[in-house]
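Following: one structure in C-alpha cells, then a few remarks.
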Number of protein chains: 4
Amino acid sequence: MQDAAAQQGQISLDELNAADEAAFVAALGGIYEHSPWVAEEAARHRPFVSLAALHAAMAEAVRAAPAERQLALVRDHPDLAGKAARAGNLTVASVAEQAGAGLDRLTEEEFAAFHRLNGAYADKFGFPFIVCVRRLTKESILKAFARRIENGREAEIATALDEIGRIAALRLDETVTAPDRLPVHGRLSTHVLDTQGGHPARSVAVELVELAQAGPFRTVARAVTNADGRTDAPLISGRPLPSGRYELRFHVGAYFAAGGAVLADPPFLDVVPVAFGIAEAEGYYHVPLLVTPWSFTTYRGS
Amino acid sequence: MQDAAAQQGQISLDELNAADEAAFVAALGGIYEHSPWVAEEAARHRPFVSLAALHAAMAEAVRAAPAERQLALVRDHPDLAGKAARAGNLTVASVAEQAGAGLDRLTEEEFAAFHRLNGAYADKFGFPFIVCVRRLTKESILKAFARRIENGREAEIATALDEIGRIAALRLDETVTAPDRLPVHGRLSTHVLDTQGGHPARSVAVELVELAQAGPFRTVARAVTNADGRTDAPLISGRPLPSGRYELRFHVGAYFAAGGAVLADPPFLDVVPVAFGIAEAEGYYHVPLLVTPWSFTTYRGS
Amino acid sequence: MQDAAAQQGQISLDELNAADEAAFVAALGGIYEHSPWVAEEAARHRPFVSLAALHAAMAEAVRAAPAERQLALVRDHPDLAGKAARAGNLTVASVAEQAGAGLDRLTEEEFAAFHRLNGAYADKFGFPFIVCVRRLTKESILKAFARRIENGREAEIATALDEIGRIAALRLDETVTAPDRLPVHGRLSTHVLDTQGGHPARSVAVELVELAQAGPFRTVARAVTNADGRTDAPLISGRPLPSGRYELRFHVGAYFAAGGAVLADPPFLDVVPVAFGIAEAEGYYHVPLLVTPWSFTTYRGS
Amino acid sequence: MQDAAAQQGQISLDELNAADEAAFVAALGGIYEHSPWVAEEAARHRPFVSLAALHAAMAEAVRAAPAERQLALVRDHPDLAGKAARAGNLTVASVAEQAGAGLDRLTEEEFAAFHRLNGAYADKFGFPFIVCVRRLTKESILKAFARRIENGREAEIATALDEIGRIAALRLDETVTAPDRLPVHGRLSTHVLDTQGGHPARSVAVELVELAQAGPFRTVARAVTNADGRTDAPLISGRPLPSGRYELRFHVGAYFAAGGAVLADPPFLDVVPVAFGIAEAEGYYHVPLLVTPWSFTTYRGS
C-alpha cells in the first residue's frame, strides 16, 4: 500500500478543496474500487474542513446510493487470492493489500481452500467475498470466510459494505495529507525489564511471529531492545494490527548469559514465547516482559 | 523399561542376600550390559543392608576392575539408534531404554545423523557412544553426541563409564525391591491459579511437549487440573526427567470461557505456552501458572 | 481456651455415649453458657455416631426450644469486655475466649467504646451483645458491634443464637475427642520463593501482624522460612482465623544481604509488607511471596 | 526553596555574563552560604557557555581555595534543626531547605536528638554538621548524622565540602535560567494496571508516605490515577528524591468495588502498601502495580 500510495501520489486536503471536479475524481476515484461515482458525489460537498469530513461525505454517498448501485460496488471487487490475482488483473491498491496479508504467498493447500471458498461464496451470493485484508491475518481471513459464508444474503451485503468502508478509509488516509488522520491505525509495542537486576533489559532480541493453524509461521518483525528496554520503534504502527494470533519471542537466555550469569544447560528460560491474540485492529497493545532467569510475568499493558 | 523389569522379574534385597551366587548373578547379571562379572564380584560382599549398599558394591567392582576389563564393558554396549536396533540385536533392557527416548521413531534425517556420528565416533575411539538415554531428550542426545566426539580418548572412556553407572543404577532401582530407593528419579509438576477469581483453576487442560530443533514435537503428557489447580499425578515422576527443552501448554482461554467470561475473538490469552529447560534429570521442577485473561506469571517453584 | 479445655478435661465420644446422664451433663453442661438443659436434652439422643451428630443434637435442642428459653440463653452471656470481665465474674471458657481476641488488654479508649456500646445495646435489646470472639479480630468485633446495634430485635436474637452456636461448636470440638472433627478451624500459611535464584528462600523472617484502625498493631505470629521456603507450621492453624485485616512482613532485605547481594542503602526492598483481609474464619489462606531484590508478586494461593 | 528562589529572584545566564562584577556577586553571592568570595572568584572566568560551566567554575574556586578558607566556609553554615533555626537566624535559603525536610516540625524527642548530635559533633570537629537536607529524609539525616560523627576530621571536612557542593548546585539550578539544567533532580512515578480487566486502572487513589523509625509518617504526595492508569504528574519531580524509606498506598479495594466487583468483608486486598527505599536522590524510580482483587505484582520499572 505504501508503494501504491507513492505510485498514485499523495494530495493535500487543500489541493482537493481547490481542484476542479475532474481532478478531484482523478485523485480519489480509486478509493472505492472501480467506483469513481463515490468521489463525484462527494465532490459536491466541498470544501471539507478535515479528512474526517471528507471521509464522512464519501461514506454517506455509498450509504445513500440505491441498493443496485451498492451491489454493483460490491461486485466490482476482485476475488481474494483468486485467479485474477495470479493473472495480474487487480488494481494496484488491491495487489499491495493482498500481498500485505500474505495472500500472494499461499501454499497449494491454502490456494485450494480460497479457490473452493470463493466458488461456494459466489454461487451462494452472486458477488465476491470482500474483507479488509489489512485488518486480519491470513488465518483470520480464512476463519472469517468460513463463518460469513453461513450468513444470509442481506446480512452479507451489509457486511461487505462495512468492509469496503474500512478499505476506503485506509486508502483515503494514505492518499490525502491533512492535519487530522483517520483512526485506522493500531500499535503493538513491548518492553523488557530485568527484575533480577532492577533495570531495563538492553539488547534483548525480540521476534514477532504470526501464528497459523497450519504453519509455517511468518515473522512479522524483529527488533532488539534499547537502553530503556524498549524497541526503538513499535513492533507494528502506522497501520492496522491484523487481528489474529501471534507469538512474541524474547531471547532472554542469551541476554542473561551476556550479562555474566552462569546458566544451566539448557537454561530454565531461553527463548521465552508469549502467545497472545489481537482482536482490535485499531487498538493499542503493549505486551511487556518482566523477567529473571527463573521467572517471568507478562500482561496487556498500556 | 517397565516391560523389561516385568519380563525380567523383580527380586527383593532379602532374596538377593539369601540367594546362592548363581541365582544372584542370574538376577543381576544384566544390570551391566553383557557383563555378569560385575554381579559376581559384588556377590562376595553380601549381605547388603540397603539397595544403596548393593549399588555401591557393583559400582566399586567396575571402578576397581583393570582398564582392559572396563574397556571391554564399554565395548559390550550397542550403538545408539544403530543397525543393531533395527535388526533386533539389542538386550531387552536396551530396547526399552532406546524406545523411551524416541530413538525407535527417528526420521530418515535423524537416523542418518546417528549413523554418521556412530561411524565417526567408532573410528575415533574404537568403542560405541554410550549415554544414559533415559536422562536426555532426543535433541539433547544428539547435542551430547556432537560435543563428546570432540573429547580426548581418556576423558571419553571416563564419561562412558559414568554413563554406564547411571544406566546400571536405573536398572538396579527397577529390578530390586528394597526399603530404600536410589536417587535416580526426578519430578515435574504444575499448578494453575486463577488470580482473577482468587482460587485454583479447575479443569484446565495442560500438555507437556518435548521441543526439538527440527520438529515434530512430541507430546509427553496430557492432564487436566483438579479442584486444587494441580494435576492428579505429577506430569513426570518415577523416572529421570530427560534433560532438554520443553513447553507446557495451558488451555486457559477455554477455562475462562467455561467460567462465563466474555473473551475477545481471538482472546488475548488462549493456549499459553511456557517454554523451559530441564537441566537436572534427578531434580524437582515445579512450573506453576498464575493467570487472568490478561496476564500471567510463571516461575520455577518448589 | 486451650487452658479452659485442659482445666475442664477432655472426654471421648465413646465415654459420653456410655456415661450416665449426670456425667454427660457434667461434661457438656458448659458448652452452652450457663445452660445445662441443652446437654440434658441432647443426652436423650445417644448414642452419637460422630462428633458432628452430637453437635447437631445440641444445636437442634436450642433450635426447638421455646422462644423464652432461647432468650434466657442469650441473656445468660456476659458483656463483652465489660465490668464482669474486669471483676472476674466470667466462666473460665469466656475468660479464655475474650483474652484470645485481645479483649483483656484494651486501651482506655477501647474500654470506653465497649462500655458505651454495651450500654446502648442493652438499653435497646434487653440482652448482651454476643459474638463468637474467636472468629473476629478486635477491630472487626467493634465494627460488628456498631453495625448490629442498628438491627431490629428479631434479627438480632437470631444473630445472637447463630453466634452462640459457633461458640458452642468450638467448645465442643475442644472438649470431646472423636474420630471426626467439626469444621471450625481455618489455616493461614505462606511460602517465599527467591525468583532471582530460582529456589525457595530459606531463613526469611516473617511476621504476621493484626492491623487496627487505631494502633498499636498486635504481632500474631513470628516464623522463619525453612529450606522449602515455608514455615515449619502454618502461621495460624487449629483454630478459626479471626476475620479482619492483617499484614505479613517479609524481611527480604536481610535475606538477600545474607546471600551476598550488594544492596543499595536503603535497599529498594527491605521489609516487604503484604496487607490482606481475612473474611472466612474457617477458610484456607495461602499468601506466598515471589521476590527478587527489585520486584515481588503475591496472591491468594492454595 | 521555591519561595526562596522567587524572593531572591531568578537571573539568566546571559545577564550574568553581561553584568558587572558587583551585580554578578549580588546575584550569586548566596549560592555558597555567607561566602561571596566564591562568586567573586568565578566571575573572572566569564563568559560561561552553559550553567554546567558556571557550576564547574564555582566548584573549582572552592576546590582551589586554601584549607583555612574551605574550613571557614564549612563553619559559616548553621546547625541543622538547631537553636538558630528556632531563633530565626538562618538565611532565607537555609530556612526553606530545612523546612522541606521536615526539620521545622520536629517532635521534642527529635529536637533533643539533633541538639545532642549537634553538640557532640561540634565538640569533636569544631564545625557544624552539614548535609544537603533536600537529598535525604529526616530519618536518613539522623542516620547519616550518627554515622558521620564516627569519621575522622579530614574525611569529615571532605564530606562537608561535598555536601556544600550539592547544596550549591541545587541553589544555582534554581537561581539561574539557562538552556541547560544541572543534573540535580530525580523523579518518582507510578502506574496502576488492572490485570483482571486488562486495562489501566483509572481513579485509583494513591498516597506516598515517608516512613520513619518512630512515626508519625509524613504523607508526601496524594494523587488519583487517570485514564492511562498514571498520575497526571510524577509523584516527585523537579527536585531531588530524598533518600530514605517510603510506602506507596494504592486504594484498590475502593477501585474494584466502584467497578462493580463484589468483594468479601474485609476484602482480600484493600489498601495495598508497597514499601520501598530510594537510594539515588537524582535517580528515576518507577514503581508500578499490576493488580487483581486477589493478587498483585510490583517492581522497579523504567
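Residues are named by chain letter and number: chains run A, B, ... in the order of the C-alpha cells, numbers start at 1 in each chain, and ligands are numbered from 1 in the order shown.
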**Item:** Test item, strand (DSSP E or B) assignment across segment 173-257 of chain B, answer as a ChimeraX atom specification
**Value:** /B:176-177,186-189,191-194,199-200,205-210,218-224,230,236-239,243-251
**Message:** When DSSP is applied to the backbone of this structure, which of segment 48-270 of chain A are assigned alpha helix (DSSP H)? Write them out as JSON, numbers by chain.
**Reply:** {"A": [51, 52, 53, 54, 55, 56, 57, 58, 59, 60, 61, 62, 63, 64, 67, 68, 69, 70, 71, 72, 73, 74, 75, 83, 84, 85, 86, 87, 92, 93, 94, 95, 96, 97, 98, 99, 100, 108, 109, 110, 111, 112, 113, 114, 115, 116, 117, 118, 119, 120, 121, 122, 123, 124, 125, 138, 139, 140, 141, 142, 143, 144, 145, 146, 147, 148, 153, 154, 155, 156, 157, 158, 159, 160, 161, 162, 163, 164, 165, 166, 167, 168, 169, 170, 171, 172, 173, 174, 175, 252, 253, 254, 255, 256, 257, 258]}
**Item:** Counting only C-alpha atoms, chain C residues within 10 Å of chain A, as a list in words
**Value:**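 Going by the stated atoms only, the list reads Asp194, Thr195, Gln196, Gly197, Gly198, His199, Phe268, Leu290, Val291, Thr292, Pro293, Trp294, Ser295, Phe296 and Thr297 of chain C.
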Same residues, N, CA, C and O atoms, saved as a PDB file, in the first residue's frame:
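So out.pdb came out as:
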ATOM      1  N   ASP C 194      12.541 -17.340  46.016  1.00  0.00           N
ATOM      2  CA  ASP C 194      13.544 -16.414  45.521  1.00  0.00           C
ATOM      3  C   ASP C 194      13.608 -16.586  44.008  1.00  0.00           C
ATOM      4  O   ASP C 194      14.222 -17.530  43.506  1.00  0.00           O
ATOM      5  N   THR C 195      12.935 -15.711  43.279  1.00  0.00           N
ATOM      6  CA  THR C 195      12.907 -15.859  41.821  1.00  0.00           C
ATOM      7  C   THR C 195      14.130 -15.218  41.174  1.00  0.00           C
ATOM      8  O   THR C 195      14.270 -15.244  39.954  1.00  0.00           O
ATOM      9  N   GLN C 196      15.016 -14.655  41.985  1.00  0.00           N
ATOM     10  CA  GLN C 196      16.320 -14.267  41.455  1.00  0.00           C
ATOM     11  C   GLN C 196      17.206 -15.505  41.341  1.00  0.00           C
ATOM     12  O   GLN C 196      17.905 -15.683  40.356  1.00  0.00           O
ATOM     13  N   GLY C 197      17.126 -16.364  42.353  1.00  0.00           N
ATOM     14  CA  GLY C 197      17.960 -17.562  42.370  1.00  0.00           C
ATOM     15  C   GLY C 197      17.254 -18.803  41.854  1.00  0.00           C
ATOM     16  O   GLY C 197      17.886 -19.810  41.572  1.00  0.00           O
ATOM     17  N   GLY C 198      15.919 -18.745  41.737  1.00  0.00           N
ATOM     18  CA  GLY C 198      15.187 -19.905  41.232  1.00  0.00           C
ATOM     19  C   GLY C 198      15.057 -21.026  42.244  1.00  0.00           C
ATOM     20  O   GLY C 198      15.039 -22.195  41.876  1.00  0.00           O
ATOM     21  N   HIS C 199      14.938 -20.674  43.525  1.00  0.00           N
ATOM     22  CA  HIS C 199      14.813 -21.694  44.565  1.00  0.00           C
ATOM     23  C   HIS C 199      14.041 -21.120  45.744  1.00  0.00           C
ATOM     24  O   HIS C 199      13.852 -19.900  45.827  1.00  0.00           O
ATOM     25  N   PHE C 268      16.126  -1.241  47.875  1.00  0.00           N
ATOM     26  CA  PHE C 268      14.818  -0.992  47.248  1.00  0.00           C
ATOM     27  C   PHE C 268      13.736  -1.763  48.009  1.00  0.00           C
ATOM     28  O   PHE C 268      12.702  -1.210  48.360  1.00  0.00           O
ATOM     29  N   LEU C 290       6.743 -14.169  45.829  1.00  0.00           N
ATOM     30  CA  LEU C 290       7.795 -14.440  44.836  1.00  0.00           C
ATOM     31  C   LEU C 290       8.624 -13.172  44.775  1.00  0.00           C
ATOM     32  O   LEU C 290       8.088 -12.113  44.436  1.00  0.00           O
ATOM     33  N   VAL C 291       9.910 -13.246  45.055  1.00  0.00           N
ATOM     34  CA  VAL C 291      10.623 -11.987  45.289  1.00  0.00           C
ATOM     35  C   VAL C 291      12.043 -11.994  44.728  1.00  0.00           C
ATOM     36  O   VAL C 291      12.741 -13.017  44.743  1.00  0.00           O
ATOM     37  N   THR C 292      12.440 -10.863  44.173  1.00  0.00           N
ATOM     38  CA  THR C 292      13.832 -10.570  43.854  1.00  0.00           C
ATOM     39  C   THR C 292      14.154  -9.279  44.621  1.00  0.00           C
ATOM     40  O   THR C 292      13.279  -8.688  45.237  1.00  0.00           O
ATOM     41  N   PRO C 293      15.399  -8.809  44.588  1.00  0.00           N
ATOM     42  CA  PRO C 293      15.665  -7.533  45.274  1.00  0.00           C
ATOM     43  C   PRO C 293      14.923  -6.348  44.656  1.00  0.00           C
ATOM     44  O   PRO C 293      14.907  -5.272  45.240  1.00  0.00           O
ATOM     45  N   TRP C 294      14.296  -6.551  43.496  1.00  0.00           N
ATOM     46  CA  TRP C 294      13.712  -5.434  42.756  1.00  0.00           C
ATOM     47  C   TRP C 294      12.254  -5.618  42.407  1.00  0.00           C
ATOM     48  O   TRP C 294      11.677  -4.800  41.686  1.00  0.00           O
ATOM     49  N   SER C 295      11.643  -6.701  42.849  1.00  0.00           N
ATOM     50  CA  SER C 295      10.257  -6.961  42.436  1.00  0.00           C
ATOM     51  C   SER C 295       9.657  -8.000  43.352  1.00  0.00           C
ATOM     52  O   SER C 295      10.364  -8.790  43.962  1.00  0.00           O
ATOM     53  N   PHE C 296       8.345  -7.986  43.455  1.00  0.00           N
ATOM     54  CA  PHE C 296       7.687  -9.121  44.098  1.00  0.00           C
ATOM     55  C   PHE C 296       6.277  -9.272  43.594  1.00  0.00           C
ATOM     56  O   PHE C 296       5.667  -8.348  43.054  1.00  0.00           O
ATOM     57  N   THR C 297       5.787 -10.513  43.750  1.00  0.00           N
ATOM     58  CA  THR C 297       4.425 -10.880  43.390  1.00  0.00           C
ATOM     59  C   THR C 297       3.818 -11.606  44.577  1.00  0.00           C
ATOM     60  O   THR C 297       4.483 -12.421  45.210  1.00  0.00           O
TER      61      THR C 297
END
**Message:** At a cut-off of 10 Å, using only C-alpha atoms, what residues contact His185 of chain B? Leave out same-chain residues fewer than 6 positions from it and give the result as a count of residues only.
**Reply:** 13
**Message:** I'd like the contact shell of Ala264 of chain D - 9 Å cut-off, only C-alpha atoms, skipping same-chain residues fewer than 4 positions apart - returned as a ChimeraX atom specification.
**Reply:** /C:277-280 /D:268
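Using only C-alpha atoms, the residues found no farther than 12 Å from Leu208 of chain A, other than those of its own chain fewer than 6 positions away, are A:Leu188, A:Ser189, A:Thr190, A:Phe217, A:Arg218, A:Thr219, A:Val220, A:Ala221, A:Arg222, A:Ala223, A:Val224, A:Pro234, A:Leu235, A:Ile236, A:Arg245, A:Tyr246, A:Glu247, A:Leu248, A:Arg249, A:Phe250, A:His251, A:Val272, A:Pro273, A:Val274, A:Ala275, A:Phe276, A:Val287.
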Can those selected residues be exported to a file as a short mmCIF file (atom, residue, chain, number, x, y, z; two decimals), in the first residue's frame so that it contains N, CA, C and O atoms?
data_model
loop_
_atom_site.label_atom_id
_atom_site.label_comp_id
_atom_site.auth_asym_id
_atom_site.auth_seq_id
_atom_site.Cartn_x
_atom_site.Cartn_y
_atom_site.Cartn_z
N LEU A 188 1.44 -1.93 18.29
CA LEU A 188 1.88 -3.04 19.15
C LEU A 188 3.30 -2.74 19.60
O LEU A 188 4.18 -2.49 18.78
N SER A 189 3.50 -2.76 20.92
CA SER A 189 4.83 -2.47 21.44
C SER A 189 5.16 -3.43 22.58
O SER A 189 4.29 -4.15 23.07
N THR A 190 6.41 -3.44 22.97
CA THR A 190 6.84 -4.30 24.07
C THR A 190 7.87 -3.56 24.91
O THR A 190 8.25 -2.42 24.60
N PHE A 217 4.93 -20.49 10.28
CA PHE A 217 4.67 -19.19 10.88
C PHE A 217 5.42 -18.12 10.10
O PHE A 217 6.42 -18.41 9.45
N ARG A 218 4.91 -16.90 10.20
CA ARG A 218 5.51 -15.80 9.47
C ARG A 218 6.11 -14.81 10.46
O ARG A 218 5.41 -14.36 11.37
N THR A 219 7.38 -14.49 10.34
CA THR A 219 7.99 -13.50 11.23
C THR A 219 7.60 -12.11 10.73
O THR A 219 7.92 -11.73 9.60
N VAL A 220 6.91 -11.37 11.58
CA VAL A 220 6.37 -10.07 11.19
C VAL A 220 7.35 -8.96 11.50
O VAL A 220 7.42 -7.96 10.78
N ALA A 221 8.08 -9.11 12.60
CA ALA A 221 9.01 -8.05 12.99
C ALA A 221 10.14 -8.65 13.81
O ALA A 221 9.97 -9.66 14.50
N ARG A 222 11.30 -8.04 13.70
CA ARG A 222 12.46 -8.38 14.53
C ARG A 222 12.99 -7.08 15.10
O ARG A 222 13.02 -6.07 14.41
N ALA A 223 13.40 -7.13 16.35
CA ALA A 223 13.94 -5.91 16.95
C ALA A 223 14.85 -6.30 18.10
O ALA A 223 14.90 -7.47 18.51
N VAL A 224 15.59 -5.33 18.58
CA VAL A 224 16.47 -5.52 19.74
C VAL A 224 16.15 -4.39 20.71
O VAL A 224 16.00 -3.24 20.29
N PRO A 234 7.75 1.00 17.65
CA PRO A 234 6.80 -0.07 17.98
C PRO A 234 6.98 -1.23 17.00
O PRO A 234 7.45 -1.04 15.87
N LEU A 235 6.58 -2.41 17.41
CA LEU A 235 6.71 -3.58 16.54
C LEU A 235 5.77 -3.45 15.35
O LEU A 235 6.09 -3.86 14.24
N ILE A 236 4.61 -2.89 15.58
CA ILE A 236 3.69 -2.54 14.48
C ILE A 236 3.14 -1.16 14.81
O ILE A 236 2.73 -0.90 15.93
N ARG A 245 -3.65 -14.42 15.75
CA ARG A 245 -2.84 -14.98 16.83
C ARG A 245 -1.35 -14.75 16.56
O ARG A 245 -0.89 -14.92 15.43
N TYR A 246 -0.64 -14.37 17.62
CA TYR A 246 0.77 -14.02 17.50
C TYR A 246 1.59 -14.66 18.60
O TYR A 246 1.05 -15.11 19.62
N GLU A 247 2.87 -14.62 18.41
CA GLU A 247 3.80 -15.00 19.47
C GLU A 247 4.96 -14.03 19.46
O GLU A 247 5.57 -13.80 18.41
N LEU A 248 5.23 -13.45 20.63
CA LEU A 248 6.46 -12.69 20.81
C LEU A 248 7.50 -13.64 21.36
O LEU A 248 7.19 -14.45 22.24
N ARG A 249 8.70 -13.58 20.84
CA ARG A 249 9.76 -14.45 21.32
C ARG A 249 10.92 -13.60 21.82
O ARG A 249 11.54 -12.87 21.05
N PHE A 250 11.16 -13.73 23.11
CA PHE A 250 12.18 -12.92 23.77
C PHE A 250 13.41 -13.79 24.04
O PHE A 250 13.31 -14.79 24.75
N HIS A 251 14.55 -13.40 23.53
CA HIS A 251 15.77 -14.21 23.69
C HIS A 251 16.46 -13.84 25.00
O HIS A 251 17.51 -13.20 25.00
N VAL A 272 11.82 -17.11 25.35
CA VAL A 272 10.52 -17.09 26.02
C VAL A 272 9.44 -16.73 25.01
O VAL A 272 9.42 -15.61 24.50
N PRO A 273 8.54 -17.66 24.71
CA PRO A 273 7.43 -17.31 23.84
C PRO A 273 6.27 -16.74 24.66
O PRO A 273 5.96 -17.24 25.74
N VAL A 274 5.69 -15.67 24.17
CA VAL A 274 4.46 -15.13 24.77
C VAL A 274 3.42 -15.11 23.66
O VAL A 274 3.51 -14.32 22.72
N ALA A 275 2.48 -16.03 23.75
CA ALA A 275 1.44 -16.14 22.72
C ALA A 275 0.25 -15.27 23.12
O ALA A 275 -0.17 -15.28 24.27
N PHE A 276 -0.28 -14.52 22.18
CA PHE A 276 -1.42 -13.65 22.50
C PHE A 276 -2.22 -13.39 21.24
O PHE A 276 -1.72 -13.54 20.13
N VAL A 287 2.73 -5.32 25.29
CA VAL A 287 2.93 -6.65 25.88
C VAL A 287 4.34 -6.72 26.47
O VAL A 287 5.29 -7.07 25.79
#
**Message:** Just to confirm, what's the straight-line distance from atom CA of Ala212 of chain B to atom CA of Val95 of chain B in Å (one decimal)?
**Reply:** 22.1 Å
Set the distance at 10 Å and use only C-alpha atoms: which residues neighbour segment 20-30 of chain A once local chain neighbours fewer than 5 positions away are removed? I'd like the list as a compact mmCIF listing (two decimals) with C-alpha atoms, in the first residue's frame.
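Output saved as result27.txt:
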# COMPACT_ATOMS: atom_id res chain seq x y z
CA GLN A 8 -0.62 7.05 -7.08
CA GLY A 9 0.81 10.12 -5.43
CA GLN A 10 -0.41 11.90 -2.34
CA ILE A 11 -2.51 15.02 -2.44
CA GLU A 15 -5.50 20.88 -3.08
CA SER A 35 -16.33 3.32 -8.48
CA PRO A 36 -15.46 6.96 -9.28
CA TRP A 37 -19.10 7.89 -8.71
CA VAL A 38 -18.45 7.94 -4.97
CA ALA A 39 -15.85 10.67 -5.43
CA GLU A 40 -18.11 12.52 -7.86
CA GLU A 41 -20.89 12.56 -5.31
CA ALA A 42 -18.58 13.70 -2.51
CA ALA A 43 -17.04 16.45 -4.64
CA ARG A 44 -20.28 18.46 -4.40
CA MET A 58 -17.74 9.56 0.78
CA THR A 91 -5.83 -2.72 -9.22
CA VAL A 92 -2.50 -1.59 -7.86
CA ALA A 93 -4.08 -0.95 -4.45
CA ALA A 168 -11.71 3.04 1.67
CA ARG A 171 -6.80 4.17 1.23
CA LEU A 172 -8.03 7.68 1.97
CA THR A 175 -3.75 9.22 -0.19
CA VAL A 176 -4.67 12.54 1.40
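Proximity to segment 254-262 of chain B at 9 Å, evaluated using only C-alpha atoms and with sequence-adjacent residues fewer than 4 positions away removed, yields Ala201, Arg202, Ser203, Val204, Ala205, Asp270, Val271, Thr292 and Pro293 of chain B.
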Dump as a short mmCIF file (atom, residue, chain, number, x, y, z; two decimals), in the first residue's frame, selection limited to N, CA, C and O atoms:
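The resulting file, selection27.cif, is reproduced below:
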data_model
loop_
_atom_site.label_atom_id
_atom_site.label_comp_id
_atom_site.auth_asym_id
_atom_site.auth_seq_id
_atom_site.Cartn_x
_atom_site.Cartn_y
_atom_site.Cartn_z
N ALA B 201 -7.41 -22.96 39.58
CA ALA B 201 -8.11 -23.08 38.29
C ALA B 201 -8.37 -24.56 38.03
O ALA B 201 -7.42 -25.34 37.84
N ARG B 202 -9.63 -24.92 38.00
CA ARG B 202 -10.02 -26.32 37.85
C ARG B 202 -10.35 -26.60 36.39
O ARG B 202 -10.93 -25.76 35.70
N SER B 203 -10.03 -27.81 35.95
CA SER B 203 -10.38 -28.27 34.60
C SER B 203 -9.63 -27.55 33.49
O SER B 203 -10.17 -27.36 32.40
N VAL B 204 -8.42 -27.14 33.78
CA VAL B 204 -7.59 -26.57 32.73
C VAL B 204 -6.81 -27.71 32.06
O VAL B 204 -6.10 -28.46 32.74
N ALA B 205 -6.96 -27.84 30.76
CA ALA B 205 -6.19 -28.84 30.03
C ALA B 205 -4.74 -28.37 29.92
O ALA B 205 -4.48 -27.21 29.63
N ASP B 270 -5.04 -17.53 25.08
CA ASP B 270 -5.83 -18.72 24.75
C ASP B 270 -5.03 -19.94 25.22
O ASP B 270 -5.13 -20.33 26.37
N VAL B 271 -4.23 -20.51 24.36
CA VAL B 271 -3.32 -21.57 24.81
C VAL B 271 -2.00 -20.89 25.18
O VAL B 271 -1.33 -20.33 24.31
N THR B 292 -4.73 -14.57 34.65
CA THR B 292 -6.02 -13.93 34.42
C THR B 292 -6.20 -13.93 32.90
O THR B 292 -5.30 -14.34 32.17
N PRO B 293 -7.34 -13.47 32.39
CA PRO B 293 -7.47 -13.42 30.93
C PRO B 293 -6.49 -12.44 30.28
O PRO B 293 -6.35 -12.43 29.06
#
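Taking atom CA of Ile157 of chain B and atom CA of Ile141 of chain B as the two end points, the separation is 17.3 Å.
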